Amino acid sequence: MNKEHHYGFETLAIHAGNEPDPTTGSVVPPIYATSTYKQDGVGGLRNGYEYSRSANPTRTALEECLAAIEAGNRGFAFASGLAAEDTLIRSLCVPGDHVVFPDDAYGGTFRLFAKVLGAWGVEMTPAAVTHPEAIRTAIRPGKTKVVWLETPTNPLLNVADIAIVAQIAHDAGALLVVDNTFASPYLQQPLELGADVVVHSTTKYMGGHSDVVGGALIVRDAELIDKIAFHQNAIGAVAGPFDSWLVLRGIKTLGVRMDRHSDNAERVVDFLQRHKSVTKVLYPGIDGHPGHETAAKQMKRYGGIVSFRVSGGEQQAIDICNKAEVFTLGESLGGVESLIEHPGKMTHASVAGTPLEVPSDLIRLSVGIETIDDLLLDLDRAMA
């Protein structure tokens with residue numbers, strides 16, 4: 001593609017990293033199922049490839065696409081979102097360093113920091129992502145190397161002002177990392193707002209079809225690129241060629257899927273707001289949501305994740321999850337099919353008894369792209 005031309009998001013999603021195969025003209029990048037590459041003499045690497053942990057052409061295609069759609073200079077593809085996160089922190093921190101962490105975050109990320117990175121020597125302080133002054137207060141001058149955000153958060157859908165938090169982090173000599181999984185690069189561009197690193201679980205909206213597990217990091221700064229590239233190769237939790245191909249395929253329809261996810265989610269929110277069993281609906285697109293104005297400023301739309309609380313407490317929440325049929329009871333999110341889950345017993349069980357514990361009456365929906373009337377009828381039956 002012409003590097004000097006400013007292409008739209010959908011054009012980049014379809015074409016970046018997807019150059020026609022030079023041998024056959026195939027418009028779909030091949031799956032390079034190989035571990036090693038013939039060298040043109042000792043040390044003479046052909047196009048830089050020597051071993052597929054270090055680089056693989058299918059993964060390279062995905063990484064080029066990731067960088068383009070997140071407005072970065074380099075993308076890195078990993079075997080999972082947690083593999084990306086672990087590699088990132090080991091690239092940026094050493095034992096004794098400190099991270100400011102969201103007080104509402106994915107349970108697996110919290111477990112990584114609390115149980116793995118904590119044992120390695122990286123300290124963590126939770127802070128409310130919605131209160132910039134709480135983040136500023138949690139920073140330890142000289143020790144805090146990273147401020148970590150999810151926005152919207154998982155599962156309470158709190159919203160952080162990325163530009164404001166970026167300034168706070170940079171004033172303290174720290175880097176801002178934003179987990180952009182819930183929004184996707186179609187709805188939100190953290191690097192454009194001042195973030196230093198964007199994290200994704202590509203398992204979710206990027207892949208979009210619940211058929212692959214993967215993760216990604218996207219950055220602009222050359223020094224960060226070198227650090228992450230070294231650690232990606234040294235640690236080795238890279239995306240395989242077939243997984244890379246699946247995510248690359250999924251990204252091509254990301255824009256149209258996110259519009260449909262958002263359309264359906266807005267209808268579900270309207271239904272839930274009028275239901276007598278619902279005590280609270282959590283969705284950034286609602287007027288009156290504490291993060292609505294910030295979300296409207298930095299997001300294109302509000303996405304496909306909806307959380308809500310019910311009047312009958314934990315048991316009613318569990319019963320609704322068990323009764324749903326079109327909404328599949330399962331962990332994860334971001335696929336074309338709708339999912340329902342009880343965060344307290346499922347994705348966020350690891351934060352029970354901590355400051356990140358979620359309400360027991362909370363249900364999280366990943367609203368898919370099915371016929372909306374079928375989704376609403378399914379919820380109505382499950383909640384009857």
# chains A, B, ... in the order shown; residues from 1 in each chain; ligands from 1
call {"tool": "residues_around", "arguments": {"residues": "His348 (chain A)", "least_positions_apart": "4", "cutoff": "9 Å", "atoms": "only C-alpha atoms", "output": "PyMOL selection string"}}
result
chain A and resi 105-108+155+342-344+352+356-358
call {"tool": "write_last_selection", "arguments": {"atoms": "all heavy atoms", "output": "short mmCIF file (atom, residue, chain, number, x, y, z; two decimals), in the first residue's frame"}}
result
data_model
loop_
_atom_site.label_atom_id
_atom_site.label_comp_id
_atom_site.auth_asym_id
_atom_site.auth_seq_id
_atom_site.Cartn_x
_atom_site.Cartn_y
_atom_site.Cartn_z
N ALA A 105 -10.75 -4.61 36.63
CA ALA A 105 -9.98 -5.13 35.50
C ALA A 105 -10.28 -6.61 35.32
O ALA A 105 -10.85 -7.27 36.20
CB ALA A 105 -8.48 -4.93 35.75
N TYR A 106 -9.89 -7.13 34.18
CA TYR A 106 -10.05 -8.56 33.89
C TYR A 106 -9.34 -9.39 34.96
O TYR A 106 -8.19 -9.12 35.31
CB TYR A 106 -9.49 -8.85 32.50
CG TYR A 106 -9.33 -10.32 32.19
CD1 TYR A 106 -10.39 -11.21 32.36
CD2 TYR A 106 -8.13 -10.82 31.72
CE1 TYR A 106 -10.25 -12.55 32.09
CE2 TYR A 106 -7.97 -12.16 31.43
CZ TYR A 106 -9.03 -13.02 31.62
OH TYR A 106 -8.88 -14.35 31.36
N GLY A 107 -10.03 -10.42 35.45
CA GLY A 107 -9.48 -11.23 36.52
C GLY A 107 -8.18 -11.92 36.17
O GLY A 107 -7.29 -12.08 37.01
N GLY A 108 -8.02 -12.32 34.90
CA GLY A 108 -6.78 -12.96 34.50
C GLY A 108 -5.60 -12.02 34.54
O GLY A 108 -4.48 -12.41 34.89
N PRO A 155 -15.48 -6.06 34.43
CA PRO A 155 -16.76 -6.09 33.71
C PRO A 155 -17.68 -4.90 33.99
O PRO A 155 -18.83 -4.90 33.56
CB PRO A 155 -17.41 -7.34 34.30
CG PRO A 155 -17.01 -7.28 35.75
CD PRO A 155 -15.62 -6.67 35.77
N HIS A 342 -21.68 -15.08 34.45
CA HIS A 342 -21.72 -14.54 35.82
C HIS A 342 -20.28 -14.26 36.22
O HIS A 342 -19.54 -15.18 36.60
CB HIS A 342 -22.37 -15.56 36.77
CG HIS A 342 -22.54 -15.05 38.16
ND1 HIS A 342 -21.58 -15.19 39.13
CD2 HIS A 342 -23.56 -14.36 38.73
CE1 HIS A 342 -22.01 -14.64 40.26
NE2 HIS A 342 -23.21 -14.12 40.04
N PRO A 343 -19.83 -13.00 36.12
CA PRO A 343 -18.41 -12.70 36.36
C PRO A 343 -17.90 -13.18 37.71
O PRO A 343 -16.77 -13.69 37.82
CB PRO A 343 -18.35 -11.17 36.25
CG PRO A 343 -19.49 -10.82 35.36
CD PRO A 343 -20.57 -11.80 35.70
N GLY A 344 -18.71 -13.02 38.77
CA GLY A 344 -18.25 -13.39 40.11
C GLY A 344 -17.88 -14.86 40.24
O GLY A 344 -16.99 -15.22 41.02
N ALA A 352 -12.05 -12.53 43.83
CA ALA A 352 -12.89 -12.63 45.03
C ALA A 352 -12.05 -12.35 46.27
O ALA A 352 -10.94 -12.85 46.41
CB ALA A 352 -13.52 -14.02 45.11
N LEU A 356 -10.84 -5.73 43.95
CA LEU A 356 -11.43 -5.81 42.62
C LEU A 356 -12.64 -6.73 42.56
O LEU A 356 -13.18 -6.98 41.47
CB LEU A 356 -10.39 -6.29 41.60
CG LEU A 356 -9.40 -5.23 41.08
CD1 LEU A 356 -8.35 -4.89 42.14
CD2 LEU A 356 -8.71 -5.70 39.81
N GLU A 357 -13.10 -7.26 43.69
CA GLU A 357 -14.23 -8.18 43.69
C GLU A 357 -15.45 -7.52 43.06
O GLU A 357 -15.75 -6.35 43.31
CB GLU A 357 -14.55 -8.61 45.11
CG GLU A 357 -15.67 -9.65 45.19
CD GLU A 357 -15.82 -10.23 46.60
OE1 GLU A 357 -15.19 -9.70 47.53
OE2 GLU A 357 -16.56 -11.21 46.75
N VAL A 358 -16.17 -8.30 42.23
CA VAL A 358 -17.33 -7.74 41.51
C VAL A 358 -18.61 -8.13 42.24
O VAL A 358 -18.65 -9.12 42.98
CB VAL A 358 -17.37 -8.24 40.05
CG1 VAL A 358 -16.13 -7.79 39.30
CG2 VAL A 358 -17.50 -9.76 39.98
#
call {"tool": "residues_around", "arguments": {"residues": "Leu254 (chain A)", "least_positions_apart": "3", "cutoff": "8 Å", "atoms": "only C-alpha atoms", "output": "PDB file with all heavy atoms, in the first residue's frame"}}
result
ATOM      1  N   GLU A  10     -11.397   0.875   7.430  1.00  0.00           N
ATOM      2  CA  GLU A  10     -11.810  -0.371   6.791  1.00  0.00           C
ATOM      3  C   GLU A  10     -10.846  -0.773   5.682  1.00  0.00           C
ATOM      4  O   GLU A  10     -10.583  -1.961   5.474  1.00  0.00           O
ATOM      5  CB  GLU A  10     -13.240  -0.237   6.247  1.00  0.00           C
ATOM      6  CG  GLU A  10     -14.309  -0.128   7.324  1.00  0.00           C
ATOM      7  CD  GLU A  10     -14.558   1.305   7.772  1.00  0.00           C
ATOM      8  OE1 GLU A  10     -13.707   2.185   7.478  1.00  0.00           O
ATOM      9  OE2 GLU A  10     -15.600   1.545   8.421  1.00  0.00           O
ATOM     10  N   ALA A  13      -7.842  -2.248   7.409  1.00  0.00           N
ATOM     11  CA  ALA A  13      -8.161  -3.551   7.992  1.00  0.00           C
ATOM     12  C   ALA A  13      -8.145  -4.651   6.933  1.00  0.00           C
ATOM     13  O   ALA A  13      -7.787  -5.798   7.216  1.00  0.00           O
ATOM     14  CB  ALA A  13      -9.534  -3.497   8.678  1.00  0.00           C
ATOM     15  N   TYR A 186     -11.313  -0.090  16.094  1.00  0.00           N
ATOM     16  CA  TYR A 186     -12.338   0.572  15.276  1.00  0.00           C
ATOM     17  C   TYR A 186     -13.056   1.656  16.064  1.00  0.00           C
ATOM     18  O   TYR A 186     -13.417   2.697  15.519  1.00  0.00           O
ATOM     19  CB  TYR A 186     -13.340  -0.468  14.775  1.00  0.00           C
ATOM     20  CG  TYR A 186     -14.456   0.124  13.941  1.00  0.00           C
ATOM     21  CD1 TYR A 186     -14.202   0.658  12.677  1.00  0.00           C
ATOM     22  CD2 TYR A 186     -15.772   0.146  14.407  1.00  0.00           C
ATOM     23  CE1 TYR A 186     -15.221   1.199  11.903  1.00  0.00           C
ATOM     24  CE2 TYR A 186     -16.798   0.677  13.646  1.00  0.00           C
ATOM     25  CZ  TYR A 186     -16.520   1.204  12.399  1.00  0.00           C
ATOM     26  OH  TYR A 186     -17.533   1.740  11.638  1.00  0.00           O
ATOM     27  N   TYR A 205     -12.633  -9.308  19.873  1.00  0.00           N
ATOM     28  CA  TYR A 205     -13.213  -8.684  18.680  1.00  0.00           C
ATOM     29  C   TYR A 205     -12.320  -8.781  17.454  1.00  0.00           C
ATOM     30  O   TYR A 205     -12.812  -8.848  16.322  1.00  0.00           O
ATOM     31  CB  TYR A 205     -13.541  -7.227  18.965  1.00  0.00           C
ATOM     32  CG  TYR A 205     -14.756  -7.061  19.844  1.00  0.00           C
ATOM     33  CD1 TYR A 205     -14.641  -6.532  21.128  1.00  0.00           C
ATOM     34  CD2 TYR A 205     -16.019  -7.450  19.402  1.00  0.00           C
ATOM     35  CE1 TYR A 205     -15.754  -6.394  21.935  1.00  0.00           C
ATOM     36  CE2 TYR A 205     -17.137  -7.318  20.206  1.00  0.00           C
ATOM     37  CZ  TYR A 205     -16.996  -6.783  21.477  1.00  0.00           C
ATOM     38  OH  TYR A 205     -18.103  -6.656  22.270  1.00  0.00           O
ATOM     39  N   MET A 206     -11.009  -8.769  17.641  1.00  0.00           N
ATOM     40  CA  MET A 206     -10.116  -8.837  16.478  1.00  0.00           C
ATOM     41  C   MET A 206     -10.334 -10.141  15.701  1.00  0.00           C
ATOM     42  O   MET A 206     -10.563 -10.123  14.498  1.00  0.00           O
ATOM     43  CB  MET A 206      -8.661  -8.732  16.923  1.00  0.00           C
ATOM     44  CG  MET A 206      -8.322  -7.425  17.600  1.00  0.00           C
ATOM     45  SD  MET A 206      -7.989  -6.130  16.425  1.00  0.00           S
ATOM     46  CE  MET A 206      -6.482  -5.483  17.132  1.00  0.00           C
ATOM     47  N   GLY A 208     -12.846 -12.380  16.400  1.00  0.00           N
ATOM     48  CA  GLY A 208     -14.265 -12.163  16.173  1.00  0.00           C
ATOM     49  C   GLY A 208     -15.133 -13.380  15.968  1.00  0.00           C
ATOM     50  O   GLY A 208     -16.356 -13.240  15.845  1.00  0.00           O
ATOM     51  N   GLY A 250     -10.116 -12.252  10.611  1.00  0.00           N
ATOM     52  CA  GLY A 250     -11.151 -11.619  11.406  1.00  0.00           C
ATOM     53  C   GLY A 250     -11.115 -10.104  11.320  1.00  0.00           C
ATOM     54  O   GLY A 250     -12.167  -9.445  11.279  1.00  0.00           O
ATOM     55  N   ILE A 251      -9.925  -9.535  11.310  1.00  0.00           N
ATOM     56  CA  ILE A 251      -9.795  -8.073  11.293  1.00  0.00           C
ATOM     57  C   ILE A 251     -10.450  -7.461  10.062  1.00  0.00           C
ATOM     58  O   ILE A 251     -10.946  -6.330  10.100  1.00  0.00           O
ATOM     59  CB  ILE A 251      -8.307  -7.683  11.384  1.00  0.00           C
ATOM     60  CG1 ILE A 251      -7.769  -7.977  12.796  1.00  0.00           C
ATOM     61  CG2 ILE A 251      -8.088  -6.220  11.035  1.00  0.00           C
ATOM     62  CD1 ILE A 251      -6.272  -7.793  12.946  1.00  0.00           C
ATOM     63  N   ARG A 257     -18.568  -5.539  11.836  1.00  0.00           N
ATOM     64  CA  ARG A 257     -19.032  -6.280  13.008  1.00  0.00           C
ATOM     65  C   ARG A 257     -19.237  -5.364  14.207  1.00  0.00           C
ATOM     66  O   ARG A 257     -20.225  -5.470  14.926  1.00  0.00           O
ATOM     67  CB  ARG A 257     -18.044  -7.398  13.357  1.00  0.00           C
ATOM     68  CG  ARG A 257     -18.102  -8.589  12.426  1.00  0.00           C
ATOM     69  CD  ARG A 257     -17.265  -9.750  12.917  1.00  0.00           C
ATOM     70  NE  ARG A 257     -15.832  -9.529  12.767  1.00  0.00           N
ATOM     71  CZ  ARG A 257     -14.986  -9.274  13.749  1.00  0.00           C
ATOM     72  NH1 ARG A 257     -15.435  -9.178  15.009  1.00  0.00           N
ATOM     73  NH2 ARG A 257     -13.689  -9.106  13.512  1.00  0.00           N
ATOM     74  N   MET A 258     -18.300  -4.445  14.436  1.00  0.00           N
ATOM     75  CA  MET A 258     -18.432  -3.559  15.593  1.00  0.00           C
ATOM     76  C   MET A 258     -19.652  -2.659  15.475  1.00  0.00           C
ATOM     77  O   MET A 258     -20.304  -2.345  16.483  1.00  0.00           O
ATOM     78  CB  MET A 258     -17.165  -2.721  15.772  1.00  0.00           C
ATOM     79  CG  MET A 258     -15.931  -3.513  16.182  1.00  0.00           C
ATOM     80  SD  MET A 258     -16.158  -4.622  17.597  1.00  0.00           S
ATOM     81  CE  MET A 258     -16.572  -3.469  18.893  1.00  0.00           C
TER      82      MET A 258
END
call {"tool": "select_by_dssp", "arguments": {"residues": "region 47-166 of chain A", "states": "strand (DSSP E or B)", "output": "number ranges by chain"}}
result
A: 49, 51, 74-78, 98-102, 123-127, 144-150
call {"tool": "residues_around", "arguments": {"residues": "Ala127 (chain A)", "least_positions_apart": "2", "cutoff": "7 Å", "atoms": "only C-alpha atoms", "output": "list in words"}}
result
Val100, Phe101, Pro102, Asp103, Thr125, Val129, Ala134, Ile135 and Ala138 of chain A
call {"tool": "closest_residue", "arguments": {"among": "A:Val247, A:Leu329, A:Ala183, A:Ala324", "to": "Gly207 (chain A)", "atoms": "only C-alpha atoms"}}
result
A:Val247
call {"tool": "closest_residue", "arguments": {"among": "A:His289, A:His15, A:His231, A:His5", "to": "Lys252 (chain A)", "atoms": "only C-alpha atoms"}}
result
A:His15
call {"tool": "closest_residue", "arguments": {"among": "A:Leu333, A:Ala79, A:Ala71, A:Val99", "to": "Arg220 (chain A)", "atoms": "only C-alpha atoms"}}
result
A:Ala71
call {"tool": "residues_around", "arguments": {"residues": "Tyr302 (chain A)", "least_positions_apart": "6", "cutoff": "9 Å", "atoms": "only C-alpha atoms", "output": "JSON, numbers by chain"}}
result
{"A": [152, 183, 187, 262, 265, 266, 283, 284, 285, 295, 296]}
call {"tool": "atom_distance", "arguments": {"atom1": "CA of Gly121 (chain A)", "atom2": "CA of Lys143 (chain A)"}}
result
12.1 Å
call {"tool": "closest_residue", "arguments": {"among": "A:Tyr37, A:Phe110, A:Tyr51, A:Phe78", "to": "Thr354 (chain A)", "atoms": "only C-alpha atoms"}}
result
A:Phe110
call {"tool": "residues_around", "arguments": {"residues": "Phe182 (chain A)", "least_positions_apart": "2", "cutoff": "8 Å", "atoms": "only C-alpha atoms", "output": "short mmCIF file (atom, residue, chain, number, x, y, z; two decimals) with C-alpha atoms, in the first residue's frame"}}
result
data_model
loop_
_atom_site.label_atom_id
_atom_site.label_comp_id
_atom_site.auth_asym_id
_atom_site.auth_seq_id
_atom_site.Cartn_x
_atom_site.Cartn_y
_atom_site.Cartn_z
CA THR A 151 -11.25 1.42 29.19
CA PRO A 152 -14.03 0.47 29.14
CA THR A 153 -13.18 -1.81 32.05
CA ASN A 154 -14.07 -5.46 32.45
CA ASP A 179 -5.94 -2.51 27.17
CA ASN A 180 -8.18 -1.68 24.20
CA SER A 184 -11.28 -2.48 19.53
CA TYR A 205 -13.21 -8.68 18.68
CA GLY A 303 -19.33 -1.41 21.80
CA ILE A 305 -20.45 -5.42 26.08
CA GLY A 334 -16.30 -10.42 21.20
#
